[in-house]
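The data block below is run.cif; it holds mmCIF, C-alpha atoms and all ligand atoms.
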```cif
data_upload
#
loop_
_atom_site.label_atom_id
_atom_site.label_comp_id
_atom_site.auth_asym_id
_atom_site.auth_seq_id
_atom_site.Cartn_x
_atom_site.Cartn_y
_atom_site.Cartn_z
CA MET A 2 19.33 -23.44 -13.27
CA ASN A 3 22.76 -23.69 -11.73
CA LYS A 4 23.44 -23.49 -8.02
CA THR A 5 24.59 -19.84 -8.05
CA MET A 6 21.47 -18.72 -9.90
CA ALA A 7 19.22 -20.68 -7.52
CA THR A 8 20.91 -19.07 -4.50
CA ALA A 9 20.58 -15.60 -6.04
CA LEU A 10 16.91 -16.24 -6.82
CA ALA A 11 16.23 -17.46 -3.28
CA ALA A 12 18.00 -14.41 -1.84
CA THR A 13 15.98 -12.08 -4.08
CA ILE A 14 12.70 -13.72 -3.10
CA GLY A 15 13.71 -13.49 0.56
CA LEU A 16 14.62 -9.83 0.20
CA VAL A 17 11.45 -8.88 -1.66
CA GLY A 18 9.36 -10.91 0.81
CA SER A 19 10.92 -9.19 3.83
CA ALA A 20 10.59 -5.77 2.23
CA ALA A 21 6.88 -6.44 1.61
CA TYR A 22 6.32 -7.81 5.12
CA PHE A 23 7.97 -4.82 6.79
CA SER A 24 6.81 -2.27 4.19
CA PRO A 25 4.60 -0.41 6.68
CA TRP A 26 7.93 0.96 8.01
CA PHE A 27 8.19 3.10 4.86
CA TRP A 28 4.55 4.07 5.20
CA ARG A 29 5.21 5.10 8.83
CA HIS A 30 8.01 7.44 7.79
CA TYR A 31 5.87 8.94 5.06
CA ARG A 32 3.00 9.45 7.54
CA MET A 33 5.28 10.99 10.16
CA SER A 34 6.65 13.57 7.76
CA ARG A 35 3.09 14.47 6.67
CA LEU A 36 2.05 14.76 10.31
CA ARG A 37 4.98 17.08 10.95
CA ARG A 38 3.80 19.40 8.15
CA GLU A 39 0.22 19.28 9.39
CA VAL A 40 0.99 20.19 13.04
CA VAL A 41 3.30 23.01 11.97
CA LYS A 42 0.63 24.37 9.62
CA LYS A 43 -1.91 24.26 12.46
CA ARG A 44 0.61 25.35 15.13
CA ALA A 45 -0.75 22.45 17.16
CA LEU A 46 0.42 20.56 20.21
CA ALA A 47 -1.05 17.09 20.74
CA LEU A 48 -0.13 15.44 24.03
CA THR A 49 -0.33 11.65 23.71
CA TYR A 50 0.04 9.00 26.43
CA ASP A 51 0.50 5.28 25.73
CA ASP A 52 0.29 2.03 27.70
CA GLY A 53 -2.11 3.20 30.48
CA PRO A 54 -4.32 3.76 32.21
CA SER A 55 -2.71 3.28 35.60
CA THR A 56 -3.69 4.15 39.13
CA ALA A 57 -1.01 6.67 40.13
CA ILE A 58 0.06 8.72 37.15
CA THR A 59 -3.11 8.80 35.02
CA PRO A 60 -5.24 10.57 37.68
CA GLN A 61 -2.35 12.98 38.38
CA LEU A 62 -2.10 13.76 34.69
CA LEU A 63 -5.85 14.28 34.44
CA ASP A 64 -5.68 16.74 37.35
CA LEU A 65 -2.87 18.65 35.62
CA LEU A 66 -4.66 18.70 32.27
CA ARG A 67 -7.86 19.90 33.90
CA THR A 68 -6.03 22.71 35.70
CA ARG A 69 -4.45 23.78 32.42
CA GLU A 70 -7.69 23.31 30.44
CA ALA A 71 -5.93 21.01 27.99
CA ARG A 72 -7.28 17.95 26.24
CA ALA A 73 -5.02 15.04 25.29
CA THR A 74 -5.07 11.58 23.71
CA PHE A 75 -4.65 8.28 25.55
CA PHE A 76 -3.69 5.12 23.63
CA MET A 77 -4.69 2.45 26.11
CA LEU A 78 -3.90 -1.21 26.50
CA GLY A 79 -7.09 -3.28 26.66
CA ARG A 80 -5.90 -5.20 29.72
CA HIS A 81 -5.14 -2.01 31.65
CA ALA A 82 -8.44 -0.41 30.65
CA GLN A 83 -10.30 -3.44 31.94
CA GLN A 84 -8.42 -3.32 35.28
CA HIS A 85 -9.02 0.40 35.79
CA GLY A 86 -12.36 1.03 34.10
CA HIS A 87 -13.21 3.94 36.41
CA ILE A 88 -10.12 5.81 35.18
CA VAL A 89 -11.12 5.26 31.55
CA ASP A 90 -14.55 6.65 32.45
CA ARG A 91 -12.91 9.76 33.86
CA VAL A 92 -10.66 10.20 30.80
CA ILE A 93 -13.74 10.15 28.55
CA GLU A 94 -15.83 12.38 30.85
CA GLU A 95 -13.10 15.02 30.80
CA GLY A 96 -13.13 15.19 27.01
CA HIS A 97 -9.90 13.43 26.08
CA ASP A 98 -9.50 11.09 23.12
CA VAL A 99 -9.09 7.38 23.72
CA GLY A 100 -7.47 5.07 21.18
CA CYS A 101 -6.40 1.44 21.10
CA HIS A 102 -2.79 0.36 21.68
CA SER A 103 -3.50 -3.43 21.56
CA ASP A 104 -4.11 -5.69 24.55
CA GLN A 105 -0.75 -7.19 25.59
CA HIS A 106 1.58 -4.74 23.80
CA LEU A 107 3.09 -7.32 21.44
CA ASN A 108 5.82 -6.16 19.07
CA ALA A 109 4.50 -7.06 15.58
CA TRP A 110 8.06 -7.50 14.27
CA ARG A 111 8.85 -10.15 16.89
CA THR A 112 5.53 -11.99 17.05
CA LEU A 113 3.80 -14.50 14.78
CA PRO A 114 1.61 -12.45 12.43
CA TRP A 115 -1.71 -13.96 13.53
CA GLU A 116 -0.78 -13.42 17.20
CA ALA A 117 -0.04 -9.73 16.60
CA VAL A 118 -3.36 -9.32 14.76
CA ALA A 119 -5.23 -11.18 17.54
CA ASP A 120 -3.60 -8.89 20.13
CA ILE A 121 -4.92 -5.81 18.32
CA ASP A 122 -8.40 -7.33 18.04
CA ALA A 123 -8.34 -8.24 21.76
CA GLY A 124 -7.39 -4.64 22.61
CA TYR A 125 -10.36 -3.24 20.66
CA GLU A 126 -12.62 -5.86 22.23
CA ARG A 127 -11.67 -4.99 25.81
CA LEU A 128 -11.95 -1.27 25.06
CA SER A 129 -15.31 -1.68 23.35
CA ARG A 130 -17.20 -0.16 26.31
CA TRP A 131 -15.54 3.14 25.46
CA ILE A 132 -14.40 3.15 21.81
CA GLN A 133 -15.62 2.06 18.39
CA PRO A 134 -14.11 -0.73 16.24
CA ASP A 135 -12.71 1.98 13.94
CA SER A 136 -11.34 4.26 16.67
CA MET A 137 -7.77 5.46 16.38
CA PHE A 138 -4.84 3.08 16.81
CA ARG A 139 -1.21 3.42 17.74
CA PRO A 140 0.94 0.31 17.18
CA PRO A 141 2.97 -0.98 20.16
CA TYR A 142 6.62 0.08 19.68
CA GLY A 143 5.40 1.90 16.55
CA LYS A 144 5.90 -1.40 14.67
CA MET A 145 3.58 -2.72 11.98
CA THR A 146 3.82 -5.53 9.44
CA LEU A 147 1.66 -6.21 6.39
CA PRO A 148 -0.76 -8.44 8.38
CA THR A 149 -1.27 -5.85 11.16
CA TYR A 150 -1.51 -3.06 8.58
CA TRP A 151 -4.29 -4.91 6.75
CA SER A 152 -6.12 -5.72 9.97
CA ILE A 153 -6.22 -2.00 10.78
CA ARG A 154 -7.18 -1.09 7.19
CA ARG A 155 -10.06 -3.56 7.42
CA ARG A 156 -11.31 -1.69 10.50
CA ASN A 157 -10.84 1.64 8.76
CA ALA A 158 -9.11 2.90 11.89
CA PRO A 159 -6.69 5.84 11.63
CA VAL A 160 -3.11 5.04 12.70
CA TRP A 161 -1.24 7.70 14.64
CA TRP A 162 2.47 7.95 15.22
CA TRP A 163 4.20 10.97 16.72
CA THR A 164 6.64 13.70 15.74
CA ILE A 165 8.48 14.18 19.06
CA ASP A 166 9.53 11.36 21.38
CA SER A 167 9.67 12.73 24.95
CA GLY A 168 12.39 10.22 25.85
CA ASP A 169 10.44 8.97 28.87
CA THR A 170 11.50 5.38 28.10
CA ASP A 171 15.20 6.23 27.63
CA ASN A 172 17.66 4.83 30.17
CA THR A 173 18.69 8.35 31.07
CA LEU A 174 15.80 10.78 31.19
CA PRO A 175 16.34 14.00 29.22
CA ASP A 176 15.84 17.46 30.67
CA PRO A 177 12.09 18.27 30.38
CA SER A 178 12.95 21.77 29.14
CA HIS A 179 14.88 20.30 26.18
CA VAL A 180 11.79 18.40 25.06
CA ALA A 181 9.72 21.57 25.36
CA GLU A 182 12.31 23.61 23.46
CA ARG A 183 12.16 21.08 20.64
CA LEU A 184 8.42 21.70 20.41
CA ARG A 185 9.11 25.44 20.15
CA ARG A 186 11.83 24.93 17.52
CA GLU A 187 9.68 22.65 15.39
CA GLY A 188 6.66 24.96 15.55
CA GLY A 189 4.26 22.27 16.85
CA GLY A 190 4.21 18.57 17.48
CA ILE A 191 2.60 15.31 18.48
CA VAL A 192 4.46 14.24 21.60
CA LEU A 193 4.86 10.61 22.65
CA MET A 194 4.70 9.96 26.39
CA HIS A 195 3.59 7.04 28.59
CA ASP A 196 1.17 6.86 31.51
CA LEU A 197 1.94 3.45 32.93
CA ASP A 198 3.18 3.54 36.50
CA ARG A 199 6.95 3.22 36.62
CA THR A 200 9.46 4.62 39.08
CA GLN A 201 8.63 7.86 40.88
CA PRO A 202 11.23 9.88 38.89
CA ARG A 203 9.77 8.61 35.61
CA ASN A 204 6.21 9.44 36.65
CA GLU A 205 7.36 12.89 37.75
CA PHE A 206 9.22 13.36 34.48
CA VAL A 207 6.02 12.79 32.50
CA LEU A 208 4.19 15.36 34.61
CA GLU A 209 7.05 17.86 34.29
CA VAL A 210 7.33 17.41 30.51
CA THR A 211 3.58 17.85 30.15
CA ALA A 212 3.69 21.10 32.15
CA ALA A 213 6.75 22.36 30.21
CA LEU A 214 5.09 21.60 26.85
CA LEU A 215 1.94 23.42 27.92
CA ASP A 216 4.05 26.42 28.98
CA VAL A 217 5.65 26.59 25.52
CA ALA A 218 2.25 26.17 23.85
CA GLN A 219 0.96 29.12 25.83
CA GLN A 220 3.99 31.31 25.05
CA GLU A 221 3.87 30.46 21.33
CA SER A 222 0.06 30.46 21.03
CA PHE A 223 0.01 26.85 19.86
CA GLN A 224 -3.39 25.16 19.90
CA VAL A 225 -3.48 22.22 22.32
CA MET A 226 -5.79 19.59 20.88
CA PRO A 227 -6.59 15.88 20.94
CA LEU A 228 -5.60 13.96 17.82
CA SER A 229 -9.15 13.69 16.50
CA GLU A 230 -8.99 17.44 15.83
CA ILE A 231 -5.89 17.16 13.64
CA CYS A 232 -6.64 15.95 10.10
CA GLN A 233 -4.33 13.20 8.89
ZN ZN B 1 3.39 1.30 24.06
#
```

Translate the structure of the given file into structure tokens.
Ligand SMILES: [Zn+2]
Amino acid sequence: MNKTMATALAATIGLVGSAAYFSPWFWRHYRMSRLRREVVKKRALALTYDDGPSTAITPQLLDLLRTREARATFFMLGRHAQQHGHIVDRVIEEGHDVGCHSDQHLNAWRTLPWEAVADIDAGYERLSRWIQPDSMFRPPYGKMTLPTYWSIRRRNAPVWWWTIDSGDTDNTLPDPSHVAERLRREGGGIVLMHDLDRTQPRNEFVLEVTAALLDVAQQESFQVMPLSEICQ
């Protein structure tokens, strides 16, 4: 084999290897488009909150959801759940879904594969007082690789992404009414938000978006439901 052929072969192997390693990216996009069809068919709104629980915003959210008689889904970090166990208890008591979002929130694309898998396992372990080993999972940053994909498959846990990003992590926060209007335009949605304590404006934004989404759901007669009630 000459040098050019060897280089081409190495490049091909590298390309195929990377494509396989990151292939859950394609799966994610396939799943998200299926989810979009499913929520529109059901005319459903699923409110989802990642990275909590935390001491300021999570109880405020729970108060708002209770007032509006809405149930939501919380993808928690194991370390935060352990710190604020009484808040997890309240989330469960009030009928919301709880899923795992890992322990330390490692980005699987930027972490050694066995470390990303261990972080997921640690999240389930610390949440084991409240959830099962096959309870729902949302990957940190929405990123999965083949090793994390197989670790979740082995658990038989459903993986949930979202169809509408609220923009609550953007540098400039969007207008809450624009997020709600997108829900109306799309005819339903799974909305990504976060309930870790950040600045006051960001915490308030999450509360305002939640209220605006619930207003649209009421006007459009969308069903507000936790993810476990939406078939994947
Ligand atoms: Zn997250």

key: Residue nearest Tyr150 (chain A) - candidates A:Pro114, A:Leu107, A:Val89, A:Leu184, atoms counted: all atoms listed in the file   =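 Checking each of A:Pro114, A:Leu107, A:Val89, A:Leu184 against Tyr150 (chain A), counting all atoms listed in the file, the winner is A:Pro114.
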
key: Expected selection as a list in words for ligand ZN 1 (chain B) within 7 Å, all atoms listed in the file   =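 Final answer, ordered by chain and number: Asp51, Asp52, His102, His106, Pro141 and Tyr142 of chain A.
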
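Ranking A:Leu65, A:Met77, A:Val41, A:Leu46 by their shortest atom-to-atom distance to Glu205 (chain A), with all atoms listed in the file included, puts A:Leu65 first.
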
query = At what distance in Å, to one decimal, does CA of Trp115 (chain A) lie from CA of Pro148 (chain A)?
reply = 7.6 Å

inquiry  = Given the point (5.8, 14.4, 19.7) in the coordinates of this file, which residues lie within 9 Å, counting only C-alpha atoms, and how would they look as a PyMOL selection string?
reply    = chain A and resi 46-49+162-167+180+184+189-194

ask   = Do you know which residues are at most 12 Å from region 54-57 of chain A counting only C-alpha atoms, after dropping those on the same chain fewer than 6 positions away, and could you put them as an MDAnalysis selection string?
value = chainID A and resid 63:64 74:93 99:102 128 195:201 203:205 208

request  = One decimal, Å: what's the distance from CA of Ser229 (chain A) over to CA of Leu66 (chain A), could you say?
outcome  =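 A separation of 17.1 Å between them.
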
Give, as lines of an AutoDock Vina configuration file, the centre coordinates and the x, y and z edge lengths in Å to one decimal for an axis-aligned box around all listed atoms of region 212-222 of chain A, padded by 6 Å on each side.
```
center_x = 3.4
center_y = 26.2
center_z = 26.6
size_x = 18.7
size_y = 22.2
size_z = 23.1
```

key: Atomic separation - CA of Gln61 (chain A) relative to CA of Phe206 (chain A), Å   =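 Taking CA of Phe206 (chain A) and CA of Gln61 (chain A), their separation equals 12.2 Å.
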
inquiry  = Give me the residues near Lys144 (chain A) as JSON, numbers by chain, where near means some atom within 7 Å (using all atoms listed in the file) and where sequence neighbours in that chain fewer than 6 positions away do not count.
reply    = {"A": [108, 109, 110]}

note = Using only C-alpha atoms, the residue out of A:Ala213, A:Met145, A:Ala119, A:Val225 with shortest distance to Trp28 (chain A) is A:Met145
